[in-house]
>>> print(open('upload-v6.txt').read())   # compact mmCIF, C-alpha atoms and all ligand atoms
# COMPACT_ATOMS: atom_id res chain seq x y z
CA MET A 1 58.50 -41.72 -19.77
CA THR A 2 56.71 -44.74 -18.42
CA THR A 3 52.95 -44.72 -18.56
CA ASN A 4 51.35 -44.32 -15.18
CA THR A 5 48.45 -46.70 -14.89
CA THR A 6 46.64 -44.59 -12.28
CA THR A 7 46.11 -41.79 -14.79
CA GLU A 8 44.63 -43.80 -17.64
CA SER A 9 41.00 -43.46 -18.72
CA THR A 10 39.09 -44.81 -21.67
CA PRO A 11 39.28 -42.20 -24.46
CA GLY A 12 36.08 -40.21 -24.72
CA THR A 13 34.93 -40.68 -21.13
CA PRO A 14 34.70 -37.49 -19.07
CA VAL A 15 37.70 -36.67 -16.94
CA LEU A 16 36.56 -33.24 -15.81
CA GLU A 17 32.93 -32.22 -15.46
CA ALA A 18 32.08 -28.73 -14.26
CA ALA A 19 28.37 -28.04 -13.85
CA GLY A 20 26.80 -24.64 -13.29
CA VAL A 21 29.99 -23.08 -11.98
CA THR A 22 29.48 -19.51 -10.83
CA MET A 23 32.04 -17.36 -9.02
CA ARG A 24 31.11 -14.00 -7.54
CA PHE A 25 33.45 -11.49 -5.95
CA GLY A 26 31.11 -9.18 -4.05
CA GLY A 27 28.94 -7.59 -6.73
CA LEU A 28 31.07 -8.89 -9.63
CA THR A 29 30.16 -12.18 -11.25
CA ALA A 30 33.46 -13.31 -12.78
CA VAL A 31 32.13 -16.72 -13.92
CA ARG A 32 28.46 -17.36 -14.57
CA ASN A 33 26.81 -20.77 -14.73
CA VAL A 34 29.50 -22.49 -16.79
CA ASP A 35 29.12 -26.14 -17.79
CA PHE A 36 32.30 -27.63 -19.10
CA THR A 37 33.68 -31.08 -19.83
CA VAL A 38 37.09 -32.44 -20.75
CA ASN A 39 37.18 -36.03 -21.97
CA ALA A 40 40.03 -38.49 -21.71
CA GLY A 41 42.43 -38.13 -24.63
CA GLU A 42 41.38 -34.55 -25.38
CA ILE A 43 43.23 -31.27 -25.59
CA VAL A 44 40.70 -28.53 -24.86
CA GLY A 45 41.31 -24.81 -25.14
CA LEU A 46 39.71 -22.07 -23.08
CA ILE A 47 39.91 -18.65 -24.67
CA GLY A 48 38.35 -15.26 -24.13
CA PRO A 49 39.26 -11.60 -23.89
CA ASN A 50 41.16 -10.19 -20.92
CA GLY A 51 39.02 -10.30 -17.81
CA ALA A 52 36.62 -12.88 -19.30
CA GLY A 53 36.97 -15.11 -16.24
CA LYS A 54 39.32 -17.81 -17.56
CA THR A 55 41.77 -17.83 -14.66
CA THR A 56 38.94 -17.50 -12.15
CA PHE A 57 37.33 -20.57 -13.72
CA PHE A 58 40.67 -22.44 -13.54
CA ASN A 59 40.92 -21.48 -9.89
CA CYS A 60 37.43 -22.87 -9.29
CA LEU A 61 38.44 -26.13 -10.97
CA THR A 62 41.65 -26.52 -9.02
CA GLY A 63 40.43 -25.73 -5.52
CA LEU A 64 41.98 -22.28 -5.18
CA TYR A 65 38.47 -20.82 -5.14
CA ILE A 66 35.32 -22.42 -3.83
CA PRO A 67 32.72 -21.65 -6.49
CA THR A 68 29.75 -19.64 -5.28
CA GLU A 69 27.58 -22.17 -7.08
CA GLY A 70 28.13 -25.34 -9.06
CA THR A 71 30.15 -28.53 -8.82
CA VAL A 72 33.42 -29.80 -10.22
CA ARG A 73 33.96 -33.51 -10.69
CA TYR A 74 37.12 -35.37 -11.61
CA LYS A 75 36.48 -38.86 -12.95
CA GLY A 76 33.02 -38.77 -11.45
CA ASN A 77 33.99 -37.63 -7.96
CA VAL A 78 33.29 -34.16 -6.59
CA LEU A 79 36.63 -32.51 -5.96
CA PRO A 80 37.59 -31.30 -2.50
CA PRO A 81 38.07 -27.50 -2.44
CA LYS A 82 41.75 -27.67 -1.52
CA PRO A 83 44.49 -27.35 -4.15
CA HIS A 84 46.72 -30.11 -2.76
CA LEU A 85 43.77 -32.51 -2.59
CA VAL A 86 42.81 -31.64 -6.15
CA THR A 87 46.38 -32.40 -7.20
CA LYS A 88 46.29 -35.65 -5.27
CA ALA A 89 43.00 -36.57 -6.95
CA GLY A 90 44.73 -36.29 -10.34
CA MET A 91 44.50 -32.71 -11.63
CA ALA A 92 47.70 -30.67 -11.87
CA ARG A 93 48.20 -27.14 -13.11
CA THR A 94 50.67 -24.49 -14.04
CA PHE A 95 50.19 -20.79 -13.43
CA GLN A 96 50.09 -17.68 -15.58
CA ASN A 97 53.16 -16.39 -13.72
CA ILE A 98 56.02 -18.83 -13.31
CA ARG A 99 56.05 -20.24 -9.80
CA LEU A 100 59.23 -22.28 -9.57
CA PHE A 101 61.46 -22.53 -6.53
CA ALA A 102 64.09 -20.26 -8.01
CA ASN A 103 66.95 -21.27 -5.71
CA MET A 104 66.35 -24.98 -5.97
CA THR A 105 67.78 -27.14 -8.72
CA VAL A 106 65.84 -28.34 -11.71
CA LEU A 107 65.69 -31.86 -10.25
CA GLU A 108 64.60 -30.61 -6.82
CA ASN A 109 61.77 -28.63 -8.40
CA VAL A 110 60.43 -31.79 -10.03
CA LEU A 111 60.88 -33.76 -6.81
CA VAL A 112 58.74 -31.20 -4.99
CA GLY A 113 55.98 -31.99 -7.46
CA ARG A 114 56.05 -35.62 -6.36
CA HIS A 115 55.05 -34.99 -2.77
CA THR A 116 51.40 -35.95 -3.34
CA ARG A 117 52.58 -39.34 -4.63
CA THR A 118 55.01 -40.09 -1.83
CA LYS A 119 53.64 -42.42 0.83
CA GLU A 120 56.46 -42.07 3.32
CA GLY A 121 55.46 -40.06 6.39
CA LEU A 122 57.21 -37.34 8.33
CA TRP A 123 59.00 -39.63 10.80
CA SER A 124 60.24 -41.88 8.07
CA ALA A 125 61.60 -38.84 6.25
CA LEU A 126 63.26 -37.44 9.37
CA LEU A 127 64.84 -40.74 10.35
CA ARG A 128 65.73 -41.50 6.75
CA GLY A 129 64.94 -45.18 7.25
CA PRO A 130 65.09 -47.83 4.51
CA GLY A 131 61.48 -47.18 3.42
CA PHE A 132 62.22 -43.53 2.96
CA LYS A 133 65.46 -44.14 1.07
CA LYS A 134 63.73 -46.56 -1.29
CA ALA A 135 60.88 -44.13 -1.92
CA GLU A 136 63.36 -41.29 -2.41
CA LYS A 137 65.27 -43.29 -5.01
CA ALA A 138 62.08 -44.19 -6.89
CA SER A 139 60.99 -40.53 -6.83
CA GLU A 140 64.33 -39.41 -8.19
CA GLU A 141 64.19 -41.98 -10.98
CA ARG A 142 60.72 -40.79 -11.94
CA ALA A 143 61.79 -37.13 -11.79
CA LEU A 144 64.72 -37.89 -14.08
CA GLU A 145 62.39 -39.65 -16.51
CA LEU A 146 60.26 -36.54 -16.61
CA LEU A 147 63.29 -34.32 -17.14
CA GLU A 148 64.31 -36.54 -20.02
CA PHE A 149 60.77 -36.32 -21.41
CA ILE A 150 60.89 -32.51 -21.47
CA GLY A 151 64.53 -32.43 -22.57
CA LEU A 152 66.09 -30.94 -19.44
CA GLU A 153 67.89 -33.93 -17.94
CA HIS A 154 71.25 -32.36 -18.81
CA LYS A 155 70.34 -29.40 -16.59
CA ARG A 156 69.23 -31.39 -13.57
CA ASP A 157 71.69 -29.66 -11.24
CA HIS A 158 71.19 -26.11 -12.54
CA LEU A 159 69.35 -23.65 -10.35
CA ALA A 160 65.86 -23.01 -11.73
CA ARG A 161 66.44 -19.27 -11.77
CA ASN A 162 69.36 -19.69 -14.19
CA LEU A 163 67.26 -21.40 -16.87
CA PRO A 164 66.14 -19.44 -19.91
CA TYR A 165 62.49 -18.44 -19.80
CA GLY A 166 61.23 -21.16 -22.15
CA GLU A 167 62.96 -23.86 -20.10
CA GLN A 168 61.49 -22.49 -16.88
CA ARG A 169 58.05 -22.91 -18.42
CA LYS A 170 58.94 -26.50 -19.41
CA LEU A 171 60.18 -27.20 -15.92
CA GLU A 172 56.86 -26.02 -14.49
CA ILE A 173 55.13 -28.52 -16.72
CA ALA A 174 57.49 -31.30 -15.58
CA ARG A 175 56.77 -30.42 -11.97
CA ALA A 176 53.03 -30.61 -12.64
CA LEU A 177 53.52 -33.97 -14.39
CA ALA A 178 55.42 -35.24 -11.36
CA SER A 179 52.12 -35.54 -9.50
CA GLU A 180 51.05 -38.12 -12.15
CA PRO A 181 47.91 -36.26 -13.24
CA GLY A 182 45.12 -37.54 -15.43
CA LEU A 183 44.36 -33.95 -16.40
CA LEU A 184 46.87 -31.15 -16.82
CA LEU A 185 45.71 -27.54 -16.75
CA LEU A 186 47.98 -24.99 -18.38
CA ASP A 187 47.40 -21.28 -17.77
CA GLU A 188 48.95 -19.34 -20.65
CA PRO A 189 51.89 -21.71 -21.21
CA THR A 190 53.29 -19.72 -24.14
CA ALA A 191 52.94 -16.22 -22.68
CA GLY A 192 56.04 -14.29 -23.70
CA MET A 193 57.54 -17.12 -25.75
CA ASN A 194 59.19 -16.68 -29.12
CA PRO A 195 57.85 -18.73 -32.07
CA GLN A 196 60.33 -21.60 -31.61
CA GLU A 197 59.50 -21.93 -27.92
CA THR A 198 55.79 -21.82 -28.73
CA ARG A 199 56.22 -24.54 -31.34
CA ALA A 200 58.18 -26.68 -28.87
CA THR A 201 55.44 -26.21 -26.29
CA GLU A 202 52.86 -27.32 -28.82
CA GLU A 203 54.83 -30.50 -29.47
CA LEU A 204 55.24 -31.07 -25.76
CA VAL A 205 51.50 -30.80 -25.18
CA PHE A 206 50.81 -33.30 -27.96
CA ALA A 207 53.37 -35.66 -26.39
CA ILE A 208 51.69 -35.27 -23.00
CA ARG A 209 48.34 -36.14 -24.50
CA ASP A 210 49.94 -39.17 -26.15
CA LYS A 211 50.90 -40.35 -22.67
CA GLY A 212 47.20 -40.56 -21.79
CA ILE A 213 46.92 -37.24 -19.98
CA ALA A 214 44.07 -34.92 -20.99
CA VAL A 215 44.99 -31.24 -21.26
CA LEU A 216 43.01 -28.06 -20.66
CA VAL A 217 44.79 -24.93 -21.77
CA ILE A 218 44.11 -21.20 -21.44
CA GLU A 219 45.97 -19.20 -24.02
CA HIS A 220 45.77 -15.88 -25.84
CA ASP A 221 47.84 -17.14 -28.78
CA MET A 222 45.13 -18.12 -31.25
CA ARG A 223 47.45 -19.96 -33.61
CA PHE A 224 48.67 -22.12 -30.78
CA ILE A 225 45.12 -22.86 -29.62
CA PHE A 226 43.67 -23.59 -33.04
CA ASN A 227 46.62 -25.80 -34.02
CA LEU A 228 46.55 -27.71 -30.81
CA CYS A 229 43.04 -28.21 -29.53
CA ASP A 230 40.44 -30.82 -30.31
CA ARG A 231 37.83 -28.48 -28.88
CA VAL A 232 37.78 -24.83 -27.86
CA ALA A 233 35.43 -23.04 -25.46
CA VAL A 234 35.05 -19.28 -25.47
CA LEU A 235 34.33 -17.35 -22.30
CA VAL A 236 33.04 -13.80 -22.60
CA GLN A 237 32.16 -11.78 -19.52
CA GLY A 238 32.13 -14.91 -17.42
CA GLU A 239 29.77 -16.88 -19.64
CA LYS A 240 30.48 -19.63 -22.11
CA LEU A 241 29.62 -18.10 -25.45
CA VAL A 242 30.49 -20.94 -27.78
CA GLU A 243 32.22 -24.30 -27.78
CA GLY A 244 33.35 -26.48 -30.66
CA THR A 245 36.19 -27.42 -32.94
CA SER A 246 38.72 -24.77 -33.96
CA GLU A 247 36.91 -24.38 -37.28
CA VAL A 248 33.53 -23.88 -35.64
CA VAL A 249 34.89 -21.35 -33.15
CA GLN A 250 36.81 -19.40 -35.75
CA ALA A 251 33.77 -19.17 -37.99
CA ASP A 252 31.37 -18.08 -35.27
CA GLU A 253 30.48 -14.45 -35.78
CA ARG A 254 29.75 -13.91 -32.10
CA VAL A 255 33.29 -14.96 -31.28
CA ILE A 256 34.69 -12.80 -34.01
CA ALA A 257 32.70 -9.85 -32.72
CA ALA A 258 33.36 -10.46 -29.03
CA TYR A 259 36.94 -11.53 -29.07
CA LEU A 260 38.89 -11.99 -32.22
CA GLY A 261 37.94 -8.61 -33.61
CA GLU A 262 38.54 -9.84 -37.09
CA PRO A 263 38.42 -13.23 -38.83
CA PHE A 264 41.42 -15.44 -38.29
CA GLU A 265 42.96 -15.63 -41.72
CA GLY A 266 45.14 -18.27 -43.30
CA ASP A 267 46.26 -21.64 -42.18
CA PRO A 268 47.74 -21.36 -38.70
CA GLY A 269 50.31 -24.00 -39.48
CA GLU A 270 51.61 -22.14 -42.48
CA ALA A 271 51.61 -18.81 -40.72
CA GLU A 272 53.53 -20.20 -37.82
CA ALA A 273 55.99 -21.99 -40.08
CA ALA A 274 56.68 -18.68 -41.82
CA GLU A 275 57.27 -16.97 -38.48
CA ILE A 276 59.63 -19.68 -37.35
CA ALA A 277 61.52 -19.57 -40.62
CA ALA A 278 61.88 -15.81 -40.27
CA ALA A 279 63.07 -16.16 -36.70
CA GLU A 280 65.58 -18.83 -37.64
CA ALA A 281 66.90 -16.62 -40.41
CA GLY A 282 67.80 -14.12 -37.75
CA ALA A 283 64.95 -11.75 -38.44
CA ALA A 284 63.57 -12.26 -34.98
CA ASP A 285 65.36 -11.05 -31.91
CA SER A 286 66.25 -14.17 -29.94
CA THR A 287 66.62 -12.18 -26.73
CA THR A 288 62.83 -12.00 -26.44
CA SER A 289 62.96 -15.32 -24.63
CA THR A 290 64.69 -13.79 -21.67
CA THR A 291 63.01 -10.44 -21.49
CA LYS A 292 59.49 -11.41 -20.98
CA GLY A 293 57.19 -11.17 -18.27
CA GLU A 294 53.57 -10.90 -18.67
CA ALA A 295 53.02 -10.85 -22.40
CA GLN A 296 49.25 -10.80 -22.45
N1 LIG B 1 40.19 -12.29 -6.36
C1 LIG B 1 39.41 -11.46 -7.07
N2 LIG B 1 38.67 -10.51 -6.45
C2 LIG B 1 37.89 -9.69 -7.16
N3 LIG B 1 37.76 -9.71 -8.50
C3 LIG B 1 38.49 -10.62 -9.16
C4 LIG B 1 39.35 -11.54 -8.49
N4 LIG B 1 39.95 -12.35 -9.43
C5 LIG B 1 39.47 -11.93 -10.61
N5 LIG B 1 38.60 -10.91 -10.45
C6 LIG B 1 37.88 -10.23 -11.51
O1 LIG B 1 37.16 -11.24 -12.21
C7 LIG B 1 37.15 -10.95 -13.60
C8 LIG B 1 37.74 -12.12 -14.35
O2 LIG B 1 39.16 -12.13 -14.14
P1 LIG B 1 40.10 -13.31 -14.65
O3 LIG B 1 41.47 -12.99 -14.19
O4 LIG B 1 39.51 -14.59 -14.28
O5 LIG B 1 39.98 -13.11 -16.23
P2 LIG B 1 40.87 -13.78 -17.36
O6 LIG B 1 39.96 -14.17 -18.44
O7 LIG B 1 41.74 -14.85 -16.79
O8 LIG B 1 41.77 -12.55 -17.81
P3 LIG B 1 43.24 -12.52 -18.45
O9 LIG B 1 43.11 -13.09 -19.82
O10 LIG B 1 43.54 -11.06 -18.47
O11 LIG B 1 44.15 -13.30 -17.56
C9 LIG B 1 37.90 -9.64 -13.80
O12 LIG B 1 36.96 -8.59 -13.81
C10 LIG B 1 38.76 -9.58 -12.56
O13 LIG B 1 39.05 -8.23 -12.22
>>> encode(input="upload-v6.txt", output="structure tokens")
Amino acid sequence: MTTNTTTESTPGTPVLEAAGVTMRFGGLTAVRNVDFTVNAGEIVGLIGPNGAGKTTFFNCLTGLYIPTEGTVRYKGNVLPPKPHLVTKAGMARTFQNIRLFANMTVLENVLVGRHTRTKEGLWSALLRGPGFKKAEKASEERALELLEFIGLEHKRDHLARNLPYGEQRKLEIARALASEPGLLLLDEPTAGMNPQETRATEELVFAIRDKGIAVLVIEHDMRFIFNLCDRVAVLVQGEKLVEGTSEVVQADERVIAAYLGEPFEGDPGEAEAAEIAAAEAGAADSTTSTTKGEAQ
């Protein structure tokens, strides 16, 4: 994958800055006064029990909701409260539930993700003039690069609905990357995945970060989060309870009490390796990858 110069930032400088974000639904305060930063080069995790406000906070960041209070800045600029403008500004996301165009091909799904980066207008597209054809070719080349990056180039002409679950999740990520983001937000990317798929997703996220794209991830899989993230923030009942490295968060008794229920034991890497080994030995049922849904 070629590096996109528009997405690069100096490591350590803020990419996303949310200040005092509050979201109320009638009498319910789903997110309360949350300050949150993601720096260039970081992978940051957002965890919390069911109903803690994680997805609501994501929706406030990405323009799906207009926060009741607070501001969200991307690279210093306040974001417009419209999802497509947020994407155009440089923040792309995936959703908790897969939202692919099921009857379009793998390649077409990625091409759709490029629309915020295509300069050609409606008339040019309708008339299919030389400018449009050139832009279309460049878009297709970029989409194929992304498919190669996620390992799905050999399935470019398959319908999205025919892909196994784990590949559909990958394709969603490729589609988000097609908008050339500086920050990628992933909402439960491993929900319902088997250990191999989860491990592959972890590697993919590291590779994305290595391309200069910061990542913010919501996930219930603690091993995944603690293996992956430079920093983890914990939301409980809409408020940020704690933020720090995986070690700090795991050791915090308030987190243990509020969310984990019990201390997280053992080295996540070793535990996961054991699970993968067991799965590879046939102990795990490989059909889990196609029978998921909302594994929360
Ligand atoms: N559109 C809405 N209208 C009213 N209440 C909402 C809306 N969206 C979310 N909520 C409520 O806000 C709270 C936070 O929900 P949210 O989905 O953000 O939590 P979450 O941490 O993402 O949960 P999960 O881990 O289960 O996905 C919940 O009480 C939820 O019922």
>>> residues_around(input="upload-v6.txt", residues="Ile150 in chain A", least_positions_apart="3", cutoff="7 Å", atoms="only C-alpha atoms", output="PyMOL selection string")
chain A and resi 146-147+170+174
>>> residues_near_ligand(input="upload-v6.txt", ligand="ligand LIG 1 (chain B)", cutoff="9 Å", atoms="all atoms listed in the file", output="JSON, numbers by chain")
{"A": [23, 24, 25, 26, 28, 29, 30, 31, 47, 48, 49, 50, 51, 52, 53, 54, 55, 56, 57, 58, 59, 65, 96, 187, 188, 218, 219, 220, 235, 236, 237, 238, 296]}
>>> atom_distance(input="upload-v6.txt", atom1="CA of Ala40 in chain A", atom2="CA of Val110 in chain A")
24.4 Å
>>> closest_residue(input="upload-v6.txt", among="A:Glu108, A:Glu172, A:Asp252, A:Glu141", to="Ala233 in chain A", atoms="all atoms listed in the file")
A:Asp252
>>> atom_distance(input="upload-v6.txt", atom1="CA of Ala18 in chain A", atom2="CA of Val78 in chain A")
9.5 Å
>>> closest_residue(input="upload-v6.txt", among="A:Asn33, A:Pro189, A:Thr105, A:Leu152", to="Thr68 in chain A", atoms="only C-alpha atoms")
A:Asn33
>>> closest_residue(input="upload-v6.txt", among="A:Asn109, A:Asn194, A:Thr87, A:Asn162", to="Gly182 in chain A", atoms="all atoms listed in the file")
A:Thr87
>>> decode(input="upload-v6.txt", residues="range 13-89 of chain A", atoms="C-alpha atoms", output="short mmCIF file (atom, residue, chain, number, x, y, z; two decimals), in the first residue's frame")
data_model
loop_
_atom_site.label_atom_id
_atom_site.label_comp_id
_atom_site.auth_asym_id
_atom_site.auth_seq_id
_atom_site.Cartn_x
_atom_site.Cartn_y
_atom_site.Cartn_z
CA THR A 13 0.70 15.29 17.99
CA PRO A 14 -3.05 15.14 18.61
CA VAL A 15 -5.14 13.83 15.76
CA LEU A 16 -8.43 13.68 17.62
CA GLU A 17 -9.34 15.95 20.51
CA ALA A 18 -12.73 15.62 22.16
CA ALA A 19 -13.43 18.12 24.91
CA GLY A 20 -16.32 17.98 27.36
CA VAL A 21 -18.43 15.75 25.15
CA THR A 22 -21.87 15.11 26.62
CA MET A 23 -24.74 13.33 24.88
CA ARG A 24 -28.22 13.26 26.37
CA PHE A 25 -31.21 11.35 25.08
CA GLY A 26 -34.15 12.98 26.86
CA GLY A 27 -33.52 12.30 30.54
CA LEU A 28 -30.69 9.81 29.91
CA THR A 29 -27.13 11.06 29.83
CA ALA A 30 -25.35 8.42 27.73
CA VAL A 31 -22.00 10.28 27.65
CA ARG A 32 -21.00 12.80 30.29
CA ASN A 33 -18.28 15.42 29.93
CA VAL A 34 -15.70 13.19 28.26
CA ASP A 35 -12.29 14.57 27.32
CA PHE A 36 -10.39 12.30 25.02
CA THR A 37 -7.34 12.51 22.77
CA VAL A 38 -5.80 10.24 20.17
CA ASN A 39 -2.30 11.14 19.04
CA ALA A 40 -0.68 10.41 15.70
CA GLY A 41 0.90 6.96 15.67
CA GLU A 42 -1.28 5.65 18.50
CA ILE A 43 -3.65 2.74 18.85
CA VAL A 44 -6.12 3.66 21.57
CA GLY A 45 -8.76 1.39 23.06
CA LEU A 46 -12.14 2.39 24.44
CA ILE A 47 -13.67 -0.18 26.74
CA GLY A 48 -16.53 -0.33 29.18
CA PRO A 49 -19.48 -2.51 30.15
CA ASN A 50 -22.54 -2.87 27.93
CA GLY A 51 -24.44 0.40 27.79
CA ALA A 52 -21.46 2.44 29.05
CA GLY A 53 -21.80 4.89 26.16
CA LYS A 54 -18.97 3.75 23.89
CA THR A 55 -20.92 3.63 20.64
CA THR A 56 -22.75 6.84 21.51
CA PHE A 57 -19.37 8.50 22.01
CA PHE A 58 -18.16 7.12 18.65
CA ASN A 59 -21.29 8.50 17.05
CA CYS A 60 -20.55 11.91 18.56
CA LEU A 61 -17.01 11.77 17.16
CA THR A 62 -18.09 10.77 13.67
CA GLY A 63 -20.95 13.18 13.12
CA LEU A 64 -23.82 10.71 13.48
CA TYR A 65 -24.85 12.53 16.65
CA ILE A 66 -24.43 16.18 17.46
CA PRO A 67 -23.19 16.20 21.05
CA THR A 68 -25.43 18.02 23.50
CA GLU A 69 -22.28 19.71 24.77
CA GLY A 70 -18.61 19.69 23.90
CA THR A 71 -16.42 19.86 20.82
CA VAL A 72 -14.62 17.38 18.61
CA ARG A 73 -11.54 18.44 16.70
CA TYR A 74 -9.61 16.56 14.04
CA LYS A 75 -6.09 17.86 13.53
CA GLY A 76 -7.05 21.07 15.27
CA ASN A 77 -10.24 21.79 13.32
CA VAL A 78 -13.72 21.44 14.76
CA LEU A 79 -15.47 18.69 12.84
CA PRO A 80 -18.68 19.37 10.94
CA PRO A 81 -21.59 17.33 12.37
CA LYS A 82 -22.16 15.34 9.19
CA PRO A 83 -20.74 11.83 8.75
CA HIS A 84 -19.63 12.29 5.13
CA LEU A 85 -17.86 15.54 6.00
CA VAL A 86 -16.15 13.86 8.94
CA THR A 87 -14.97 11.13 6.57
CA LYS A 88 -13.80 13.74 4.10
CA ALA A 89 -11.92 15.54 6.88
#
